[in-house]
Structure formats: structure tokens, C-alpha cells
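Scroll down for the structure; my scribbles are underneath it.
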Amino acid sequence: TAEPAPDFKALFAKLVTELPQDKGYGTVAPAALNTELAEKAPFLLDVREAAELEKDGFIKGTVNIPVRNVLKNLDKLPAQDQAIVVLCASGHRGAIISASLKLLGYTNVRNLAGGLSAWTKANLPVVKGEKPAEPKAGTAPKIASNALFKALDTFVSGLPEGFLATSATGVNELLASGKKPFILDVRREDEYKTGYVAGAVNVPLEKVFASMDKLPAAKDTQMVVYCVSGHRAAIAMTGLRLLGYTNIVNMGGGMNAWKAASLPLAGVVDWNKTWGDFIGG
């Protein structure tokens with residue numbers, strides 16, 4: 001009997017409601033990870049390309065398996081109940097892999113918030129001029145659903161150049177061009193109220209897969225999803241891609257990147273400008 005296709009709506013609805021809000025929705029901050037490495041180090045899985053490690057360095061103890069190859073090398077990961085921290089350059093690829101591993105039964109997986117860029121910004125050490133140790137093959141894990149594994153592996157191994165992420169400036173240029181993509185803000189309502197990209201529809205990550213009626217009916221609609229740093233949005237983007245949305249990308253770096261680029265925020269008052277106009281008037 002053929003195994004039924006995965007119910008990604010139910011799988012992601014369950015996954016996102018289980019991500020602990022008080023622990024960064026399944027992330028670990030650079031400073032906290034640095035402390036863990038000095039005490040009881042988790043398995044560090046760096047999913048960047050080899051050229052990125054050569055250029056920017058890596059965290060000591062890292063095992064490197066590029067993102068597209070991770071699910072084909074599960075035998076090189078520790079047991080499904082052991083601590084794993086995934087990292088990439090900014091957190092986008094790490095979120096895709098951490099979500100995929102959770103769906104496959106890994107119970108202690110976190111993503112390094114902000115990726116290696118946040119690690120180096122915190123002035124934490126990286127190794128340069130060397131290659132990380134080769135991952136060692138061991139026992140392959142037991143996967144409950146081959147259909148789920150195949151669907152996830154097909155998606156991850158087929159990630160295109162850019163890994164389905166775009167920049168904050170790229171989103172701004174898209175909006176300035178007159179195009180009107182569907183902008184999905186998956187932050188909490190309290191975060192949304194601090195300012196958002198003009199026209200964004202707010203559906204918190206915890207509710208996205210239970211609120212599909214708030215998304216475009218046409219699955220080829222151009223869509224951009226964002227959060228604070230890119231982690232939650234990457235998870236939402238992954239789930240929606242697996243549900244058939246063919247034209248959705250994550251705004252890499254999220255609202256942090258948008259603000260860093262000094263791009264306009266809707267829903268907030270620019271008091272400097274307001275008072276300037278008031279005084280000038």
C-alpha cells in the first residue's frame with residue numbers, strides 16, 4: 001500500500017505551536033551558545049557552503065554539511081534526542097534545516113539566532129585558515145514516514161541559488177517598482193504594532209497554518225514573508241512552499257535588516273519629522 005502524502009498543513013500547524021516563544025522560537029543566542037560550548041557542547045551543524053567557511057571562518061568544533069546535503073547525511077548527525085545547534089550565515093538556512101529535522105523526529109534542535117554574522121558581531125571567536133573536521137558516518141536514524149522524508153529532502157536538496165531569501169533593500173525596490181506582492185508579517189501582534197512594512201498582513205507564526213484563509217487563494221501569488229530576524233519567516237516560508245506556494249521568499253534579516261537599512265516603517269509616528277513640521281509651521 002502506497003504511503004499517503006504528508007499532511008504539511010497539520011504538520012506545520014503542530015510544529016509552530018510547539019516552538020517556545022520564551023526561548024526564541026527554537027533559537028539560541030550567540031552568547032548563550034558560547035557559554036554552552038564551554039560547559040556541555042551541543043553538536044554544531046554548519047550548513048553553509050564550503051567556500052563560506054573558508055572566507056568567513058567557522059565556530060570551533062563545527063561539522064559542515066551544506067544545506068542541500070543535510071537530509072542525505074542524517075547518519076552523520078547524533079541521535080534524535082541529542083542536542084544539535086544548526087547555523088548558517090544569517091539564520092535563514094538554519095531555520096529551514098532545524099524545522100526539517102524537527103519534523104523528522106529530532107527533539108532537541110535549535111537554530112543559532114542571526115547565524116555566524118551575529119556570532120562575529122558579538123566578537124566571539126571563529127577559526128580561520130583551517131577546515132572543520134570531516135563528519136563521521138554512524139547509524140542512520142529511524143524515520144517514521146518515508147514519504148515525509150522524501151518530500152523534505154526534495155525541497156531542501158532543490159533549494160535554488162539564494163536559498164529562497166531576498167534582502168530588505170530588494171523588497172523595498174520591489175515595492176517601489178509598483179509591484180504589489182502579498183507581504184506576510186509573522187511576528188506577534190505586539191511586535192507588529194511597533195512598526196511594519198507598508199501593506200503587510202499580520203498573521204503570527206503560531207496561527208499561519210490554522211489561518212490559511214488569510215493568505216492568497218492563488219498559490220502562484222508573489223509573496224514575501226518576514227519576522228524580526230528571519231528565523232520564524234523561514235519556517236513559515238518552508239511550510240508554505242511545501243503546501244504549494246510557488247512564489248514566496250523570506251526577507252533575510254527580517255525587520256532588523258529593514259530598520260538597519262533605514263527603510264520606512266508604517267504604523268508608527270516619526271516624531272522627529274512631526275515635531276519638525278509642527279515647529280516649522
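A note on labels: chains of the C-alpha cells are A, B, ... as shown, every chain counts residues from 1, and ligands are counted from 1 in their shown order.
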
Determine, for each residue of stretch 81-194 of chain A having at least one atom at most 12 Å from an atom of stretch 200-224 of chain A, the closest pair of atoms and their separation in Å to one decimal, counting only C-alpha atoms; order by chain and ascending number, as a tab-separated table.
```
residue	atom	partner	partner_atom	distance
A:Leu164	CA	A:Val224	CA	10.1
A:Ala165	CA	A:Val224	CA	9.1
A:Thr166	CA	A:Val224	CA	8.6
A:Ser167	CA	A:Val224	CA	10.4
A:Ala168	CA	A:Val224	CA	10.3
A:Gly170	CA	A:Val224	CA	10.7
A:Val171	CA	A:Val224	CA	7.8
A:Asn172	CA	A:Val224	CA	11.0
A:Leu174	CA	A:Val224	CA	10.3
A:Leu175	CA	A:Val224	CA	10.8
A:Lys179	CA	A:Gln222	CA	9.4
A:Lys180	CA	A:Gln222	CA	8.1
A:Pro181	CA	A:Gln222	CA	5.0
A:Phe182	CA	A:Met223	CA	4.6
A:Ile183	CA	A:Ala200	CA	4.6
A:Leu184	CA	A:Val201	CA	5.1
A:Asp185	CA	A:Asn202	CA	4.7
A:Val186	CA	A:Pro204	CA	4.2
A:Arg187	CA	A:Pro204	CA	5.0
A:Arg188	CA	A:Pro204	CA	5.0
A:Glu189	CA	A:Pro204	CA	7.0
A:Asp190	CA	A:Pro204	CA	10.1
A:Glu191	CA	A:Pro204	CA	9.7
A:Tyr192	CA	A:Asn202	CA	7.0
A:Lys193	CA	A:Asn202	CA	9.8
```

Requested write-out: N, CA and C atoms of the selected residues, as a PDB file, in the first residue's frame:
```pdb
ATOM      1  N   LEU A 164      15.990  30.911  -1.538  1.00  0.00           N
ATOM      2  CA  LEU A 164      14.623  31.426  -1.350  1.00  0.00           C
ATOM      3  C   LEU A 164      14.570  32.567  -0.340  1.00  0.00           C
ATOM      4  N   ALA A 165      15.633  33.351  -0.294  1.00  0.00           N
ATOM      5  CA  ALA A 165      15.665  34.545   0.555  1.00  0.00           C
ATOM      6  C   ALA A 165      15.942  35.759  -0.321  1.00  0.00           C
ATOM      7  N   THR A 166      15.464  36.909   0.130  1.00  0.00           N
ATOM      8  CA  THR A 166      15.766  38.171  -0.537  1.00  0.00           C
ATOM      9  C   THR A 166      16.170  39.175   0.532  1.00  0.00           C
ATOM     10  N   SER A 167      16.694  40.299   0.119  1.00  0.00           N
ATOM     11  CA  SER A 167      17.157  41.303   1.079  1.00  0.00           C
ATOM     12  C   SER A 167      16.071  42.326   1.366  1.00  0.00           C
ATOM     13  N   ALA A 168      16.252  43.057   2.456  1.00  0.00           N
ATOM     14  CA  ALA A 168      15.313  44.124   2.793  1.00  0.00           C
ATOM     15  C   ALA A 168      15.296  45.186   1.701  1.00  0.00           C
ATOM     16  N   GLY A 170      15.993  44.695  -1.373  1.00  0.00           N
ATOM     17  CA  GLY A 170      15.335  44.088  -2.530  1.00  0.00           C
ATOM     18  C   GLY A 170      13.823  44.172  -2.427  1.00  0.00           C
ATOM     19  N   VAL A 171      13.297  43.969  -1.214  1.00  0.00           N
ATOM     20  CA  VAL A 171      11.850  44.089  -1.001  1.00  0.00           C
ATOM     21  C   VAL A 171      11.412  45.525  -1.216  1.00  0.00           C
ATOM     22  N   ASN A 172      12.181  46.477  -0.689  1.00  0.00           N
ATOM     23  CA  ASN A 172      11.838  47.885  -0.855  1.00  0.00           C
ATOM     24  C   ASN A 172      11.838  48.283  -2.328  1.00  0.00           C
ATOM     25  N   LEU A 174      11.300  46.297  -4.817  1.00  0.00           N
ATOM     26  CA  LEU A 174      10.141  45.633  -5.422  1.00  0.00           C
ATOM     27  C   LEU A 174       8.888  46.476  -5.212  1.00  0.00           C
ATOM     28  N   LEU A 175       8.706  46.972  -3.994  1.00  0.00           N
ATOM     29  CA  LEU A 175       7.543  47.798  -3.692  1.00  0.00           C
ATOM     30  C   LEU A 175       7.610  49.127  -4.440  1.00  0.00           C
ATOM     31  N   LYS A 179       5.104  47.056  -8.108  1.00  0.00           N
ATOM     32  CA  LYS A 179       4.551  45.715  -7.949  1.00  0.00           C
ATOM     33  C   LYS A 179       3.956  45.591  -6.543  1.00  0.00           C
ATOM     34  N   LYS A 180       2.961  44.764  -6.412  1.00  0.00           N
ATOM     35  CA  LYS A 180       2.279  44.633  -5.129  1.00  0.00           C
ATOM     36  C   LYS A 180       2.245  43.178  -4.671  1.00  0.00           C
ATOM     37  N   PRO A 181       3.381  42.677  -4.182  1.00  0.00           N
ATOM     38  CA  PRO A 181       3.378  41.310  -3.646  1.00  0.00           C
ATOM     39  C   PRO A 181       2.564  41.263  -2.362  1.00  0.00           C
ATOM     40  N   PHE A 182       2.122  40.087  -1.981  1.00  0.00           N
ATOM     41  CA  PHE A 182       1.456  39.900  -0.696  1.00  0.00           C
ATOM     42  C   PHE A 182       2.545  39.849   0.362  1.00  0.00           C
ATOM     43  N   ILE A 183       2.525  40.786   1.307  1.00  0.00           N
ATOM     44  CA  ILE A 183       3.542  40.854   2.354  1.00  0.00           C
ATOM     45  C   ILE A 183       2.965  40.241   3.623  1.00  0.00           C
ATOM     46  N   LEU A 184       3.606  39.187   4.106  1.00  0.00           N
ATOM     47  CA  LEU A 184       3.132  38.472   5.284  1.00  0.00           C
ATOM     48  C   LEU A 184       4.080  38.711   6.451  1.00  0.00           C
ATOM     49  N   ASP A 185       3.571  39.334   7.503  1.00  0.00           N
ATOM     50  CA  ASP A 185       4.338  39.607   8.714  1.00  0.00           C
ATOM     51  C   ASP A 185       3.945  38.552   9.752  1.00  0.00           C
ATOM     52  N   VAL A 186       4.888  37.669  10.115  1.00  0.00           N
ATOM     53  CA  VAL A 186       4.556  36.572  11.026  1.00  0.00           C
ATOM     54  C   VAL A 186       5.001  36.839  12.461  1.00  0.00           C
ATOM     55  N   ARG A 187       5.261  38.105  12.780  1.00  0.00           N
ATOM     56  CA  ARG A 187       5.572  38.446  14.162  1.00  0.00           C
ATOM     57  C   ARG A 187       4.296  38.437  15.009  1.00  0.00           C
ATOM     58  N   ARG A 188       4.468  38.469  16.310  1.00  0.00           N
ATOM     59  CA  ARG A 188       3.323  38.597  17.206  1.00  0.00           C
ATOM     60  C   ARG A 188       2.667  39.970  17.014  1.00  0.00           C
ATOM     61  N   GLU A 189       1.438  40.072  17.459  1.00  0.00           N
ATOM     62  CA  GLU A 189       0.705  41.335  17.299  1.00  0.00           C
ATOM     63  C   GLU A 189       1.404  42.485  18.010  1.00  0.00           C
ATOM     64  N   ASP A 190       1.974  42.222  19.208  1.00  0.00           N
ATOM     65  CA  ASP A 190       2.656  43.292  19.929  1.00  0.00           C
ATOM     66  C   ASP A 190       3.898  43.762  19.176  1.00  0.00           C
ATOM     67  N   GLU A 191       4.555  42.855  18.458  1.00  0.00           N
ATOM     68  CA  GLU A 191       5.719  43.237  17.656  1.00  0.00           C
ATOM     69  C   GLU A 191       5.282  44.030  16.428  1.00  0.00           C
ATOM     70  N   TYR A 192       4.201  43.591  15.819  1.00  0.00           N
ATOM     71  CA  TYR A 192       3.664  44.255  14.626  1.00  0.00           C
ATOM     72  C   TYR A 192       3.329  45.715  14.929  1.00  0.00           C
ATOM     73  N   LYS A 193       2.828  45.980  16.122  1.00  0.00           N
ATOM     74  CA  LYS A 193       2.414  47.331  16.485  1.00  0.00           C
ATOM     75  C   LYS A 193       3.583  48.292  16.650  1.00  0.00           C
TER      76      LYS A 193
END
```

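Using only C-alpha atoms, the contacts of A:Gly114 at a cut-off of 12 Å, with sequence neighbours closer than 6 positions omitted, comprise A:Gly24, A:Thr27, A:Val28, A:Ala29, A:Pro30, A:Ala31, A:Val86, A:Leu87, A:Cys88, A:Ala89, A:Ser90, A:Gly91, A:His92, A:Arg93, A:Gly94, A:Ala95, A:Thr120, A:Lys121, A:Ala122, A:Val228, A:Ser229, A:Gly230, A:His231, A:Arg232, A:Gly252, A:Gly253, A:Gly254, A:Asn256, A:Ala257.
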
If you run DSSP on the backbone here, which positions in stretch 61-110 of chain A get strand (DSSP E or B)? Please write them as a ChimeraX atom specification. /A:63-64,84-87,109-110

Which parts of stretch 111-182 of chain A does DSSP call helix (DSSP H, G or I) when run on the backbone here, written out as a list in words?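 In stretch 111-182 of chain A, DSSP puts these residues in helix (DSSP H, G or I): Gly115, Leu116, Ser117, Ala118, Trp119, Thr120, Lys121, Asn146, Ala147, Leu148, Phe149, Lys150, Ala151, Leu152, Asp153, Thr154, Phe155, Val156, Ser157, Ala168, Thr169, Gly170, Val171, Asn172, Glu173, Leu174, Leu175 and Ala176 of chain A.
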
Next, the residues of the selection above should be written as a JSON list (two decimals), in the first residue's frame with N, CA, C and O atoms.
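Below is the file result.json, written as the result:
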```json
[["chain", "number", "residue", "atom", "x", "y", "z"],
["A", 115, "GLY", "N", 22.74, 33.60, 12.91],
["A", 115, "GLY", "CA", 23.81, 32.88, 12.24],
["A", 115, "GLY", "C", 25.20, 33.36, 12.61],
["A", 115, "GLY", "O", 25.42, 34.02, 13.64],
["A", 116, "LEU", "N", 26.16, 33.02, 11.75],
["A", 116, "LEU", "CA", 27.55, 33.38, 12.04],
["A", 116, "LEU", "C", 27.74, 34.89, 12.05],
["A", 116, "LEU", "O", 28.61, 35.40, 12.76],
["A", 117, "SER", "N", 26.93, 35.63, 11.29],
["A", 117, "SER", "CA", 27.07, 37.08, 11.28],
["A", 117, "SER", "C", 26.80, 37.65, 12.67],
["A", 117, "SER", "O", 27.49, 38.57, 13.12],
["A", 118, "ALA", "N", 25.80, 37.11, 13.37],
["A", 118, "ALA", "CA", 25.52, 37.56, 14.74],
["A", 118, "ALA", "C", 26.62, 37.12, 15.69],
["A", 118, "ALA", "O", 26.98, 37.84, 16.63],
["A", 119, "TRP", "N", 27.16, 35.94, 15.46],
["A", 119, "TRP", "CA", 28.26, 35.42, 16.30],
["A", 119, "TRP", "C", 29.48, 36.33, 16.20],
["A", 119, "TRP", "O", 30.06, 36.72, 17.22],
["A", 120, "THR", "N", 29.87, 36.70, 14.99],
["A", 120, "THR", "CA", 31.05, 37.55, 14.81],
["A", 120, "THR", "C", 30.76, 38.98, 15.27],
["A", 120, "THR", "O", 31.65, 39.66, 15.80],
["A", 121, "LYS", "N", 29.52, 39.43, 15.11],
["A", 121, "LYS", "CA", 29.15, 40.77, 15.58],
["A", 121, "LYS", "C", 29.27, 40.86, 17.10],
["A", 121, "LYS", "O", 29.55, 41.93, 17.64],
["A", 146, "ASN", "N", 8.59, 7.61, 5.32],
["A", 146, "ASN", "CA", 9.45, 7.77, 4.15],
["A", 146, "ASN", "C", 8.93, 8.84, 3.22],
["A", 146, "ASN", "O", 9.70, 9.56, 2.58],
["A", 147, "ALA", "N", 7.60, 8.96, 3.13],
["A", 147, "ALA", "CA", 7.00, 9.98, 2.26],
["A", 147, "ALA", "C", 7.37, 11.38, 2.75],
["A", 147, "ALA", "O", 7.68, 12.27, 1.95],
["A", 148, "LEU", "N", 7.35, 11.57, 4.07],
["A", 148, "LEU", "CA", 7.74, 12.86, 4.63],
["A", 148, "LEU", "C", 9.20, 13.13, 4.37],
["A", 148, "LEU", "O", 9.58, 14.24, 3.96],
["A", 149, "PHE", "N", 10.05, 12.12, 4.61],
["A", 149, "PHE", "CA", 11.48, 12.31, 4.37],
["A", 149, "PHE", "C", 11.74, 12.68, 2.91],
["A", 149, "PHE", "O", 12.49, 13.62, 2.62],
["A", 150, "LYS", "N", 11.13, 11.98, 1.99],
["A", 150, "LYS", "CA", 11.37, 12.24, 0.56],
["A", 150, "LYS", "C", 10.91, 13.64, 0.16],
["A", 150, "LYS", "O", 11.59, 14.33, -0.60],
["A", 151, "ALA", "N", 9.76, 14.06, 0.70],
["A", 151, "ALA", "CA", 9.26, 15.39, 0.36],
["A", 151, "ALA", "C", 10.19, 16.48, 0.90],
["A", 151, "ALA", "O", 10.50, 17.46, 0.20],
["A", 152, "LEU", "N", 10.65, 16.31, 2.13],
["A", 152, "LEU", "CA", 11.56, 17.29, 2.73],
["A", 152, "LEU", "C", 12.90, 17.30, 2.01],
["A", 152, "LEU", "O", 13.46, 18.37, 1.73],
["A", 153, "ASP", "N", 13.42, 16.12, 1.70],
["A", 153, "ASP", "CA", 14.71, 16.04, 1.02],
["A", 153, "ASP", "C", 14.63, 16.65, -0.37],
["A", 153, "ASP", "O", 15.56, 17.33, -0.82],
["A", 154, "THR", "N", 13.54, 16.42, -1.06],
["A", 154, "THR", "CA", 13.35, 17.00, -2.40],
["A", 154, "THR", "C", 13.36, 18.53, -2.31],
["A", 154, "THR", "O", 13.99, 19.21, -3.12],
["A", 155, "PHE", "N", 12.68, 19.05, -1.31],
["A", 155, "PHE", "CA", 12.64, 20.50, -1.14],
["A", 155, "PHE", "C", 14.02, 21.06, -0.78],
["A", 155, "PHE", "O", 14.51, 22.00, -1.42],
["A", 156, "VAL", "N", 14.65, 20.48, 0.24],
["A", 156, "VAL", "CA", 15.93, 21.00, 0.72],
["A", 156, "VAL", "C", 17.03, 20.84, -0.33],
["A", 156, "VAL", "O", 17.81, 21.77, -0.58],
["A", 157, "SER", "N", 17.12, 19.68, -0.94],
["A", 157, "SER", "CA", 18.19, 19.45, -1.92],
["A", 157, "SER", "C", 17.98, 20.27, -3.19],
["A", 157, "SER", "O", 18.93, 20.50, -3.94],
["A", 168, "ALA", "N", 16.25, 43.06, 2.46],
["A", 168, "ALA", "CA", 15.31, 44.12, 2.79],
["A", 168, "ALA", "C", 15.30, 45.19, 1.70],
["A", 168, "ALA", "O", 14.22, 45.66, 1.29],
["A", 169, "THR", "N", 16.46, 45.55, 1.19],
["A", 169, "THR", "CA", 16.51, 46.54, 0.11],
["A", 169, "THR", "C", 15.86, 46.00, -1.15],
["A", 169, "THR", "O", 15.23, 46.76, -1.90],
["A", 170, "GLY", "N", 15.99, 44.69, -1.37],
["A", 170, "GLY", "CA", 15.34, 44.09, -2.53],
["A", 170, "GLY", "C", 13.82, 44.17, -2.43],
["A", 170, "GLY", "O", 13.13, 44.43, -3.42],
["A", 171, "VAL", "N", 13.30, 43.97, -1.21],
["A", 171, "VAL", "CA", 11.85, 44.09, -1.00],
["A", 171, "VAL", "C", 11.41, 45.53, -1.22],
["A", 171, "VAL", "O", 10.39, 45.80, -1.87],
["A", 172, "ASN", "N", 12.18, 46.48, -0.69],
["A", 172, "ASN", "CA", 11.84, 47.88, -0.85],
["A", 172, "ASN", "C", 11.84, 48.28, -2.33],
["A", 172, "ASN", "O", 10.95, 49.02, -2.79],
["A", 173, "GLU", "N", 12.82, 47.80, -3.07],
["A", 173, "GLU", "CA", 12.88, 48.09, -4.51],
["A", 173, "GLU", "C", 11.70, 47.48, -5.25],
["A", 173, "GLU", "O", 11.16, 48.08, -6.18],
["A", 174, "LEU", "N", 11.30, 46.30, -4.82],
["A", 174, "LEU", "CA", 10.14, 45.63, -5.42],
["A", 174, "LEU", "C", 8.89, 46.48, -5.21],
["A", 174, "LEU", "O", 8.11, 46.71, -6.15],
["A", 175, "LEU", "N", 8.71, 46.97, -3.99],
["A", 175, "LEU", "CA", 7.54, 47.80, -3.69],
["A", 175, "LEU", "C", 7.61, 49.13, -4.44],
["A", 175, "LEU", "O", 6.59, 49.63, -4.94],
["A", 176, "ALA", "N", 8.80, 49.70, -4.55],
["A", 176, "ALA", "CA", 8.97, 50.99, -5.23],
["A", 176, "ALA", "C", 8.72, 50.87, -6.73],
["A", 176, "ALA", "O", 8.36, 51.85, -7.39]]
```

Residues at most 10 Å from A:Leu77, counting only C-alpha atoms, excluding those fewer than 3 positions away in the same chain, as a short mmCIF file (atom, residue, chain, number, x, y, z; two decimals) with N, CA, C and O atoms, in the first residue's frame?
```
data_model
loop_
_atom_site.label_atom_id
_atom_site.label_comp_id
_atom_site.auth_asym_id
_atom_site.auth_seq_id
_atom_site.Cartn_x
_atom_site.Cartn_y
_atom_site.Cartn_z
N PHE A 43 26.05 19.45 19.48
CA PHE A 43 26.58 19.15 18.15
C PHE A 43 26.34 20.38 17.28
O PHE A 43 25.21 20.84 17.14
N LEU A 44 27.41 20.93 16.71
CA LEU A 44 27.31 22.12 15.87
C LEU A 44 27.26 21.72 14.40
O LEU A 44 28.22 21.18 13.87
N LEU A 45 26.15 22.02 13.76
CA LEU A 45 25.95 21.69 12.35
C LEU A 45 25.92 22.97 11.54
O LEU A 45 24.96 23.74 11.59
N VAL A 63 30.76 20.85 12.55
CA VAL A 63 30.70 19.87 11.48
C VAL A 63 29.96 20.54 10.31
O VAL A 63 28.88 21.10 10.51
N ILE A 65 28.02 20.37 6.84
CA ILE A 65 27.28 19.65 5.80
C ILE A 65 26.43 20.70 5.10
O ILE A 65 25.48 21.23 5.70
N VAL A 70 22.12 17.97 3.79
CA VAL A 70 21.93 17.57 5.18
C VAL A 70 21.07 16.33 5.31
O VAL A 70 21.42 15.35 5.99
N LEU A 71 19.90 16.32 4.68
CA LEU A 71 18.98 15.20 4.88
C LEU A 71 19.48 13.91 4.24
O LEU A 71 19.02 12.82 4.60
N ASN A 73 22.44 12.97 4.71
CA ASN A 73 23.55 12.58 5.60
C ASN A 73 23.12 12.54 7.06
O ASN A 73 23.88 12.91 7.96
N LEU A 74 21.92 12.06 7.31
CA LEU A 74 21.42 12.00 8.68
C LEU A 74 22.23 11.04 9.54
O LEU A 74 22.26 11.17 10.77
N GLN A 80 18.57 11.23 17.70
CA GLN A 80 17.48 12.19 17.54
C GLN A 80 17.10 12.93 18.83
O GLN A 80 16.41 13.93 18.76
N GLN A 82 19.54 14.01 20.97
CA GLN A 82 20.73 14.74 21.40
C GLN A 82 20.68 16.19 20.94
O GLN A 82 20.01 16.54 19.97
N ILE A 84 21.44 19.50 19.19
CA ILE A 84 22.02 19.94 17.93
C ILE A 84 21.73 21.43 17.77
O ILE A 84 20.61 21.89 18.00
N PRO A 135 32.68 15.12 8.94
CA PRO A 135 31.63 14.43 9.70
C PRO A 135 31.80 12.92 9.62
O PRO A 135 32.17 12.38 8.58
N LYS A 136 31.55 12.25 10.72
CA LYS A 136 31.73 10.81 10.78
C LYS A 136 30.39 10.09 10.58
O LYS A 136 29.39 10.45 11.18
N ALA A 137 30.41 9.07 9.74
CA ALA A 137 29.20 8.29 9.50
C ALA A 137 28.92 7.38 10.67
O ALA A 137 29.83 6.83 11.29
N GLY A 138 27.65 7.23 10.99
CA GLY A 138 27.24 6.34 12.07
C GLY A 138 25.98 5.60 11.68
O GLY A 138 25.84 5.17 10.54
N THR A 139 25.07 5.47 12.61
CA THR A 139 23.82 4.76 12.36
C THR A 139 22.75 5.73 11.88
O THR A 139 22.53 6.77 12.50
N ALA A 140 22.10 5.39 10.80
CA ALA A 140 21.02 6.23 10.29
C ALA A 140 19.83 6.18 11.24
O ALA A 140 19.55 5.12 11.82
N PRO A 141 19.15 7.30 11.45
CA PRO A 141 18.01 7.31 12.37
C PRO A 141 16.81 6.59 11.78
O PRO A 141 16.71 6.37 10.57
#
```

- request: Between atom CA of A:Glu36 and atom CA of A:Lys55, measure the distance and give it in Å to one decimal.
  value: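 Computed distance, atom CA of A:Glu36 to atom CA of A:Lys55, equals 25.4 Å.
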
A straight line from atom CA of A:Leu19 to atom CA of A:Leu124 spans 26.6 Å

One residue among A:Asp46, A:Tyr25, A:Ile59, A:Thr194 is nearest to A:Asn123 when using only C-alpha atoms, and that residue is A:Ile59

Do you know which residues are at most 8 Å from A:Ala83 counting only C-alpha atoms, after dropping those on the same chain fewer than 4 positions away, and could you put them as a list in words?
->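 The neighbour list is Pro42, Phe43, Asn108 and Val109 of chain A.
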
Store the residues picked out above, limited to all heavy atoms, as an mmCIF file, in the first residue's frame.
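Contents of out_34.cif, freshly written:
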```cif
data_model
loop_
_atom_site.group_PDB
_atom_site.id
_atom_site.type_symbol
_atom_site.label_atom_id
_atom_site.label_comp_id
_atom_site.auth_asym_id
_atom_site.auth_seq_id
_atom_site.Cartn_x
_atom_site.Cartn_y
_atom_site.Cartn_z
ATOM 1 N N PRO A 42 26.843 21.305 22.506
ATOM 2 C CA PRO A 42 25.935 20.581 21.611
ATOM 3 C C PRO A 42 26.666 20.248 20.312
ATOM 4 O O PRO A 42 27.788 20.731 20.072
ATOM 5 C CB PRO A 42 24.822 21.605 21.356
ATOM 6 C CG PRO A 42 25.521 22.926 21.458
ATOM 7 C CD PRO A 42 26.568 22.745 22.528
ATOM 8 N N PHE A 43 26.052 19.454 19.481
ATOM 9 C CA PHE A 43 26.579 19.146 18.148
ATOM 10 C C PHE A 43 26.340 20.376 17.281
ATOM 11 O O PHE A 43 25.209 20.839 17.135
ATOM 12 C CB PHE A 43 25.850 17.930 17.579
ATOM 13 C CG PHE A 43 26.363 17.472 16.240
ATOM 14 C CD1 PHE A 43 27.364 16.519 16.149
ATOM 15 C CD2 PHE A 43 25.817 17.976 15.066
ATOM 16 C CE1 PHE A 43 27.824 16.080 14.916
ATOM 17 C CE2 PHE A 43 26.272 17.537 13.823
ATOM 18 C CZ PHE A 43 27.279 16.591 13.750
ATOM 19 N N ASN A 108 15.685 17.911 19.935
ATOM 20 C CA ASN A 108 16.497 18.907 20.646
ATOM 21 C C ASN A 108 17.352 19.687 19.649
ATOM 22 O O ASN A 108 18.581 19.703 19.739
ATOM 23 C CB ASN A 108 17.375 18.208 21.694
ATOM 24 C CG ASN A 108 18.001 19.184 22.677
ATOM 25 O OD1 ASN A 108 17.816 20.394 22.586
ATOM 26 N ND2 ASN A 108 18.762 18.659 23.617
ATOM 27 N N VAL A 109 16.662 20.322 18.703
ATOM 28 C CA VAL A 109 17.341 21.076 17.638
ATOM 29 C C VAL A 109 17.045 22.557 17.798
ATOM 30 O O VAL A 109 15.892 22.958 17.968
ATOM 31 C CB VAL A 109 16.875 20.625 16.246
ATOM 32 C CG1 VAL A 109 17.686 21.339 15.161
ATOM 33 C CG2 VAL A 109 16.991 19.126 16.090
#
```

Closest of A:Lys9, A:Pro20, A:Cys227, A:Ala2 to A:Gly244, counting only C-alpha atoms, is A:Lys9

Proximity to A:Lys102 - best of A:Lys14, A:Arg68, A:Arg241, A:Lys259, only C-alpha atoms
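Counting only C-alpha atoms, the residue closest to A:Lys102 is A:Lys14.
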
Taking only C-alpha atoms into account, which of A:Lys131, A:Glu54, A:Asn64, A:Val85 comes nearest A:Leu37?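 The shortest atom-to-atom distance to A:Leu37 comes from A:Val85.
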
Closest of A:Ala198, A:Val249, A:Val67, A:Ala236 to A:Leu15, counting only C-alpha atoms, is A:Ala236

The residue from A:Lys72, A:Arg110, A:Arg48, A:Lys60 with the smallest atom-to-atom distance to A:Glu130, counting only C-alpha atoms, is A:Lys60
